[in-house]
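*Asks:* Here it is, the structure in full.
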Amino acid sequence: MSKGLVIAISGPPASGKTTHARYIAEKFRLRYVSAGSIFRKMAQEMGLSLEEFHKIAEKDSKYDNLVDKRSIEEAKKGNAVIEGHLTAWVVRKYADIAIYIKASLETRARRLAKRDGKSYEEALREIKAREESNRRRYLAYYGIDIRDLSIFDLVIDTTYLSPGAVRRILEMFIKEYLRGRGIKLDVNN
């Protein structure tokens, strides 16, 4: 593993993937890369809402291709946690570990509403629209069915788990993976 550890974390909106990816990056002293942040920055630069930008991206693959290219470049550099809805599928051949974090639609809508100061109904509508947009784009552009989780080494449903419980599961899995490969890695206590 000369490039250093690469962990890809994917999941639907408001599942906890960003929170847990940041934690893992800090815990294992890895760089944190967010495909979603790259996508949001592109929307902002164009003066568009995230929902408006998703609609444009549905019609033109160049935006997803730019995000994917950047994600692959970051994975090739190594020593990173790379997080995003489709990221694990895109960087899988460069990632040592692929993790999928999910939660029920209702739980994710409550989380998004609380996080972004929206009504539950607005958050639910936004999540449904984003997920359908993502599903259509990924199937059309890549032939990837994002409901097929067979590429993942670990799938965690965070619906009924505390953030601390999810962190313990992730840490244990990653440490055991490294131990199984005979790899010693610097870890923050």
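Each chain in the structure tokens gets a letter, A, B and so on, in the order shown; residues start at 1 in every chain, and ligands are counted from 1 in the order they appear.
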Neighbours of Ala113 (chain A) within 9 Å (only C-alpha atoms; same-chain residues fewer than 5 positions away dropped), as a list of chain:residue names?
*Replies:*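 That gives A:Arg108, A:Lys118, A:Ser119, A:Tyr120, A:Glu121, A:Glu122, A:Ala123, A:Leu124.
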*Asks:* Check which residues of region 81-174 of chain A sit at most 8 Å from region 9-20 of chain A using only C-alpha atoms, and return one row each with the closest pair of atoms and their distance in Å to one decimal, ordered by chain and rising number, as CSV.
*Replies:*
```
residue,atom,partner,partner_atom,distance
A:Val81,CA,A:Ile9,CA,7.2
A:Ile82,CA,A:Ile9,CA,6.2
A:Glu83,CA,A:Ile9,CA,4.7
A:Gly84,CA,A:Ser10,CA,5.1
A:His85,CA,A:Ser10,CA,4.8
A:Leu86,CA,A:Ser10,CA,6.2
A:Thr87,CA,A:Ser10,CA,6.0
A:Ala88,CA,A:Ser10,CA,5.8
A:Ala98,CA,A:Ile9,CA,5.9
A:Ile99,CA,A:Ile9,CA,4.8
A:Tyr100,CA,A:Ser10,CA,4.9
A:Ile101,CA,A:Gly11,CA,4.9
A:Lys102,CA,A:Ser15,CA,5.0
A:Ala103,CA,A:Ser15,CA,5.3
A:Arg108,CA,A:Ala14,CA,4.9
A:Ala109,CA,A:Ala14,CA,7.3
A:Arg111,CA,A:Ala14,CA,6.3
A:Leu112,CA,A:Ala14,CA,5.8
A:Ile127,CA,A:Pro13,CA,6.4
A:Arg130,CA,A:Pro13,CA,7.9
A:Glu131,CA,A:Pro12,CA,7.1
A:Thr158,CA,A:Ser15,CA,7.0
A:Pro163,CA,A:His20,CA,7.9
A:Val166,CA,A:His20,CA,7.8
A:Arg167,CA,A:His20,CA,6.8
```
*Asks:* Let me make sure I understand: among A:Val187, A:Ala57, A:Ser133, A:Val6, which one has the smallest atom-to-atom distance to Lys175 (chain A) if we use only C-alpha atoms?
*Replies:*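 Once distances to Lys175 (chain A) are computed over only C-alpha atoms, the minimum belongs to A:Val187.
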*Asks:* Taking 6 positions as the minimum chain separation for residues in the same chain, which residues sit within 10 Å of Lys77 (chain A) when counting only C-alpha atoms? Answer as a PyMOL selection string.
*Replies:* chain A and resi 3-6+31+94
*Asks:* For the residues in that selection, give me all heavy atoms as a PDB file, in the first residue's frame.
*Replies:*
```
ATOM      1  N   LYS A   3       0.679   3.968  -1.768  1.00  0.00           N
ATOM      2  CA  LYS A   3      -0.031   5.243  -1.881  1.00  0.00           C
ATOM      3  C   LYS A   3      -0.641   5.677  -0.556  1.00  0.00           C
ATOM      4  O   LYS A   3      -1.045   6.816  -0.408  1.00  0.00           O
ATOM      5  CB  LYS A   3      -1.104   5.164  -2.958  1.00  0.00           C
ATOM      6  CG  LYS A   3      -2.280   4.279  -2.595  1.00  0.00           C
ATOM      7  CD  LYS A   3      -3.293   4.245  -3.703  1.00  0.00           C
ATOM      8  CE  LYS A   3      -4.473   3.367  -3.497  1.00  0.00           C
ATOM      9  NZ  LYS A   3      -4.598   2.475  -2.434  1.00  0.00           N
ATOM     10  N   GLY A   4      -0.727   4.794   0.385  1.00  0.00           N
ATOM     11  CA  GLY A   4      -1.380   5.100   1.657  1.00  0.00           C
ATOM     12  C   GLY A   4      -2.841   4.699   1.597  1.00  0.00           C
ATOM     13  O   GLY A   4      -3.411   4.496   0.526  1.00  0.00           O
ATOM     14  N   LEU A   5      -3.426   4.588   2.733  1.00  0.00           N
ATOM     15  CA  LEU A   5      -4.806   4.131   2.876  1.00  0.00           C
ATOM     16  C   LEU A   5      -5.784   5.074   2.191  1.00  0.00           C
ATOM     17  O   LEU A   5      -5.704   6.292   2.356  1.00  0.00           O
ATOM     18  CB  LEU A   5      -5.149   4.014   4.365  1.00  0.00           C
ATOM     19  CG  LEU A   5      -6.537   3.497   4.719  1.00  0.00           C
ATOM     20  CD1 LEU A   5      -6.703   2.045   4.269  1.00  0.00           C
ATOM     21  CD2 LEU A   5      -6.755   3.614   6.228  1.00  0.00           C
ATOM     22  N   VAL A   6      -6.725   4.511   1.436  1.00  0.00           N
ATOM     23  CA  VAL A   6      -7.808   5.277   0.823  1.00  0.00           C
ATOM     24  C   VAL A   6      -9.123   4.616   1.228  1.00  0.00           C
ATOM     25  O   VAL A   6      -9.332   3.423   1.004  1.00  0.00           O
ATOM     26  CB  VAL A   6      -7.687   5.326  -0.716  1.00  0.00           C
ATOM     27  CG1 VAL A   6      -8.897   6.043  -1.323  1.00  0.00           C
ATOM     28  CG2 VAL A   6      -6.399   6.014  -1.128  1.00  0.00           C
ATOM     29  N   ARG A  31      -6.356  12.667   4.771  1.00  0.00           N
ATOM     30  CA  ARG A  31      -6.966  13.855   4.183  1.00  0.00           C
ATOM     31  C   ARG A  31      -8.464  13.611   3.992  1.00  0.00           C
ATOM     32  O   ARG A  31      -8.878  12.498   3.729  1.00  0.00           O
ATOM     33  CB  ARG A  31      -6.345  14.164   2.808  1.00  0.00           C
ATOM     34  CG  ARG A  31      -4.898  14.537   2.848  1.00  0.00           C
ATOM     35  CD  ARG A  31      -4.293  14.769   1.459  1.00  0.00           C
ATOM     36  NE  ARG A  31      -4.446  13.621   0.577  1.00  0.00           N
ATOM     37  CZ  ARG A  31      -5.232  13.586  -0.505  1.00  0.00           C
ATOM     38  NH1 ARG A  31      -5.935  14.636  -0.871  1.00  0.00           N
ATOM     39  NH2 ARG A  31      -5.303  12.487  -1.251  1.00  0.00           N
ATOM     40  N   TYR A  94      -9.359   2.348  -6.689  1.00  0.00           N
ATOM     41  CA  TYR A  94      -8.249   3.016  -5.993  1.00  0.00           C
ATOM     42  C   TYR A  94      -8.416   2.982  -4.477  1.00  0.00           C
ATOM     43  O   TYR A  94      -7.517   3.373  -3.746  1.00  0.00           O
ATOM     44  CB  TYR A  94      -8.135   4.481  -6.444  1.00  0.00           C
ATOM     45  CG  TYR A  94      -8.049   4.625  -7.943  1.00  0.00           C
ATOM     46  CD1 TYR A  94      -9.154   5.012  -8.678  1.00  0.00           C
ATOM     47  CD2 TYR A  94      -6.859   4.338  -8.607  1.00  0.00           C
ATOM     48  CE1 TYR A  94      -9.079   5.132 -10.063  1.00  0.00           C
ATOM     49  CE2 TYR A  94      -6.784   4.449  -9.994  1.00  0.00           C
ATOM     50  CZ  TYR A  94      -7.898   4.842 -10.706  1.00  0.00           C
ATOM     51  OH  TYR A  94      -7.824   4.954 -12.073  1.00  0.00           O
TER      52      TYR A  94
END
```
*Asks:* Counting only C-alpha atoms, which residue out of A:Glu26, A:Glu126, A:Asp96, A:Asp64 sits closest to Ser49 (chain A)?
*Replies:*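 Going through A:Glu26, A:Glu126, A:Asp96, A:Asp64 one by one, the smallest distance to Ser49 (chain A) is for A:Glu126.
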*Asks:* Could you pull out all residues of region 2-176 of chain A with a DSSP call of helix (DSSP H, G or I) and give them as a PyMOL selection string?
*Replies:* chain A and resi 17-27+35-45+50-59+62-77+87-94+105-116+120-142+163-176
*Asks:* From a DSSP calculation on the backbone, collect every residue of region 7-172 of chain A in strand (DSSP E or B) and output the set as a tab-separated table (two decimals) with all heavy atoms, in the first residue's frame.
*Replies:*
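The new file states_21.tsv reads:
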```tsv
chain	number	residue	atom	x	y	z
A	7	ILE	N	-9.99	5.41	1.83
A	7	ILE	CA	-11.30	4.95	2.25
A	7	ILE	C	-12.34	5.77	1.51
A	7	ILE	O	-12.32	7.00	1.54
A	7	ILE	CB	-11.50	5.11	3.78
A	7	ILE	CG1	-10.44	4.30	4.54
A	7	ILE	CG2	-12.91	4.69	4.18
A	7	ILE	CD1	-10.43	4.55	6.04
A	8	ALA	N	-13.25	5.08	0.82
A	8	ALA	CA	-14.35	5.75	0.11
A	8	ALA	C	-15.62	5.55	0.93
A	8	ALA	O	-15.93	4.43	1.33
A	8	ALA	CB	-14.51	5.16	-1.28
A	9	ILE	N	-16.32	6.65	1.18
A	9	ILE	CA	-17.56	6.59	1.95
A	9	ILE	C	-18.68	7.21	1.12
A	9	ILE	O	-18.58	8.35	0.69
A	9	ILE	CB	-17.43	7.31	3.30
A	9	ILE	CG1	-16.34	6.63	4.15
A	9	ILE	CG2	-18.77	7.32	4.03
A	9	ILE	CD1	-16.13	7.21	5.52
A	10	SER	N	-19.72	6.42	0.90
A	10	SER	CA	-20.87	6.89	0.14
A	10	SER	C	-22.14	6.68	0.94
A	10	SER	O	-22.14	5.96	1.95
A	10	SER	CB	-20.97	6.16	-1.20
A	10	SER	OG	-19.97	6.58	-2.08
A	31	ARG	N	-6.36	12.67	4.77
A	31	ARG	CA	-6.97	13.86	4.18
A	31	ARG	C	-8.46	13.61	3.99
A	31	ARG	O	-8.88	12.50	3.73
A	31	ARG	CB	-6.34	14.16	2.81
A	31	ARG	CG	-4.90	14.54	2.85
A	31	ARG	CD	-4.29	14.77	1.46
A	31	ARG	NE	-4.45	13.62	0.58
A	31	ARG	CZ	-5.23	13.59	-0.50
A	31	ARG	NH1	-5.93	14.64	-0.87
A	31	ARG	NH2	-5.30	12.49	-1.25
A	32	TYR	N	-9.25	14.66	4.11
A	32	TYR	CA	-10.69	14.56	3.89
A	32	TYR	C	-11.03	15.25	2.57
A	32	TYR	O	-10.67	16.41	2.34
A	32	TYR	CB	-11.47	15.22	5.03
A	32	TYR	CG	-12.94	15.38	4.73
A	32	TYR	CD1	-13.78	14.27	4.74
A	32	TYR	CD2	-13.47	16.62	4.40
A	32	TYR	CE1	-15.13	14.41	4.44
A	32	TYR	CE2	-14.82	16.76	4.11
A	32	TYR	CZ	-15.63	15.65	4.13
A	32	TYR	OH	-16.96	15.78	3.83
A	33	VAL	N	-11.72	14.53	1.68
A	33	VAL	CA	-12.13	15.07	0.38
A	33	VAL	C	-13.63	14.82	0.24
A	33	VAL	O	-14.08	13.69	0.41
A	33	VAL	CB	-11.37	14.38	-0.77
A	33	VAL	CG1	-11.85	14.92	-2.12
A	33	VAL	CG2	-9.87	14.55	-0.62
A	34	SER	N	-14.38	15.87	-0.11
A	34	SER	CA	-15.82	15.75	-0.26
A	34	SER	C	-16.23	16.03	-1.70
A	34	SER	O	-16.12	17.17	-2.18
A	34	SER	CB	-16.54	16.73	0.67
A	34	SER	OG	-17.90	16.82	0.34
A	80	ALA	N	-6.30	9.23	2.16
A	80	ALA	CA	-7.50	10.07	2.12
A	80	ALA	C	-8.76	9.29	2.44
A	80	ALA	O	-8.86	8.09	2.20
A	80	ALA	CB	-7.65	10.71	0.74
A	81	VAL	N	-9.73	10.03	2.98
A	81	VAL	CA	-11.11	9.59	3.07
A	81	VAL	C	-11.84	10.43	2.04
A	81	VAL	O	-11.82	11.66	2.12
A	81	VAL	CB	-11.70	9.81	4.47
A	81	VAL	CG1	-13.19	9.47	4.48
A	81	VAL	CG2	-10.96	8.99	5.51
A	82	ILE	N	-12.44	9.77	1.07
A	82	ILE	CA	-13.13	10.48	0.00
A	82	ILE	C	-14.61	10.14	0.12
A	82	ILE	O	-14.99	8.98	0.10
A	82	ILE	CB	-12.57	10.09	-1.39
A	82	ILE	CG1	-11.06	10.33	-1.40
A	82	ILE	CG2	-13.29	10.86	-2.49
A	82	ILE	CD1	-10.35	9.82	-2.61
A	83	GLU	N	-15.41	11.18	0.25
A	83	GLU	CA	-16.82	11.00	0.57
A	83	GLU	C	-17.71	11.64	-0.47
A	83	GLU	O	-17.40	12.71	-0.98
A	83	GLU	CB	-17.04	11.63	1.96
A	83	GLU	CG	-18.45	11.82	2.38
A	83	GLU	CD	-18.98	13.21	2.04
A	83	GLU	OE1	-18.29	14.20	2.27
A	83	GLU	OE2	-20.11	13.26	1.53
A	97	ILE	N	-10.88	0.49	1.12
A	97	ILE	CA	-12.11	0.17	1.84
A	97	ILE	C	-13.23	1.04	1.27
A	97	ILE	O	-13.05	2.25	1.08
A	97	ILE	CB	-11.97	0.46	3.35
A	97	ILE	CG1	-10.84	-0.37	3.96
A	97	ILE	CG2	-13.28	0.21	4.08
A	97	ILE	CD1	-10.51	0.01	5.40
A	98	ALA	N	-14.38	0.42	1.03
A	98	ALA	CA	-15.57	1.16	0.60
A	98	ALA	C	-16.67	0.95	1.64
A	98	ALA	O	-16.99	-0.20	1.98
A	98	ALA	CB	-16.04	0.70	-0.77
A	99	ILE	N	-17.20	2.05	2.14
A	99	ILE	CA	-18.21	2.01	3.21
A	99	ILE	C	-19.46	2.75	2.73
A	99	ILE	O	-19.36	3.83	2.16
A	99	ILE	CB	-17.67	2.67	4.49
A	99	ILE	CG1	-16.44	1.90	4.99
A	99	ILE	CG2	-18.76	2.75	5.57
A	99	ILE	CD1	-15.67	2.62	6.09
A	100	TYR	N	-20.62	2.17	2.99
A	100	TYR	CA	-21.89	2.80	2.65
A	100	TYR	C	-22.63	3.09	3.95
A	100	TYR	O	-22.83	2.19	4.76
A	100	TYR	CB	-22.73	1.90	1.76
A	100	TYR	CG	-23.92	2.58	1.15
A	100	TYR	CD1	-23.79	3.36	-0.01
A	100	TYR	CD2	-25.19	2.47	1.71
A	100	TYR	CE1	-24.87	3.99	-0.58
A	100	TYR	CE2	-26.29	3.09	1.14
A	100	TYR	CZ	-26.13	3.85	0.00
A	100	TYR	OH	-27.20	4.48	-0.56
A	101	ILE	N	-23.03	4.33	4.13
A	101	ILE	CA	-23.77	4.75	5.32
A	101	ILE	C	-25.17	5.14	4.88
A	101	ILE	O	-25.33	5.97	3.98
A	101	ILE	CB	-23.05	5.90	6.04
A	101	ILE	CG1	-21.68	5.41	6.53
A	101	ILE	CG2	-23.90	6.42	7.19
A	101	ILE	CD1	-20.84	6.44	7.21
A	102	LYS	N	-26.17	4.54	5.50
A	102	LYS	CA	-27.55	4.81	5.11
A	102	LYS	C	-28.41	5.04	6.35
A	102	LYS	O	-27.98	4.80	7.48
A	102	LYS	CB	-28.11	3.65	4.28
A	102	LYS	CG	-28.27	2.35	5.05
A	102	LYS	CD	-28.83	1.26	4.17
A	102	LYS	CE	-29.19	0.04	4.98
A	102	LYS	NZ	-30.01	-0.90	4.20
A	154	LEU	N	-18.48	-2.59	3.85
A	154	LEU	CA	-19.26	-2.40	5.06
A	154	LEU	C	-20.44	-1.50	4.74
A	154	LEU	O	-20.27	-0.46	4.09
A	154	LEU	CB	-18.40	-1.75	6.15
A	154	LEU	CG	-19.07	-1.42	7.49
A	154	LEU	CD1	-19.50	-2.71	8.21
A	154	LEU	CD2	-18.12	-0.63	8.37
A	155	VAL	N	-21.64	-1.90	5.20
A	155	VAL	CA	-22.85	-1.09	5.07
A	155	VAL	C	-23.39	-0.89	6.47
A	155	VAL	O	-23.60	-1.87	7.20
A	155	VAL	CB	-23.92	-1.77	4.17
A	155	VAL	CG1	-25.20	-0.94	4.14
A	155	VAL	CG2	-23.37	-2.01	2.77
A	156	ILE	N	-23.61	0.38	6.85
A	156	ILE	CA	-24.12	0.69	8.19
A	156	ILE	C	-25.41	1.49	8.06
A	156	ILE	O	-25.43	2.52	7.39
A	156	ILE	CB	-23.11	1.53	9.00
A	156	ILE	CG1	-21.79	0.81	9.16
A	156	ILE	CG2	-23.68	1.89	10.38
A	156	ILE	CD1	-20.72	1.64	9.85
A	157	ASP	N	-26.46	1.03	8.74
A	157	ASP	CA	-27.72	1.76	8.80
A	157	ASP	C	-27.70	2.57	10.10
A	157	ASP	O	-27.68	2.01	11.19
A	157	ASP	CB	-28.89	0.79	8.78
A	157	ASP	CG	-30.23	1.50	8.70
A	157	ASP	OD1	-30.34	2.67	9.14
A	157	ASP	OD2	-31.18	0.88	8.18
```
*Asks:* Just checking: using only C-alpha atoms, which residue out of A:Phe173, A:Phe39, A:Phe28, A:Trp89 ends up closest to Tyr63 (chain A)?
*Replies:*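 Once distances to Tyr63 (chain A) are computed over only C-alpha atoms, the minimum belongs to A:Phe39.
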*Asks:* Any idea what's packed within 9 Å of Lys59 (chain A), counting only C-alpha atoms, ignoring anything in its chain fewer than 4 positions away? Could you give it as a list of chain:residue names?
*Replies:*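 Skipping anything fewer than 4 positions along the chain leaves A:His54, A:Lys55, A:Arg137.
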*Asks:* So how many Å separate CA of Arg135 (chain A) and CA of Arg147 (chain A), to one decimal?
*Replies:*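 According to the coordinates, CA of Arg135 (chain A) and CA of Arg147 (chain A) are separated by 8.5 Å.
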*Asks:* If I take CA of Lys76 (chain A) and CA of Arg179 (chain A), how far is one from the other in Å, to one decimal?
*Replies:*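 Calculated distance between CA of Lys76 (chain A) and CA of Arg179 (chain A) is 22.5 Å.
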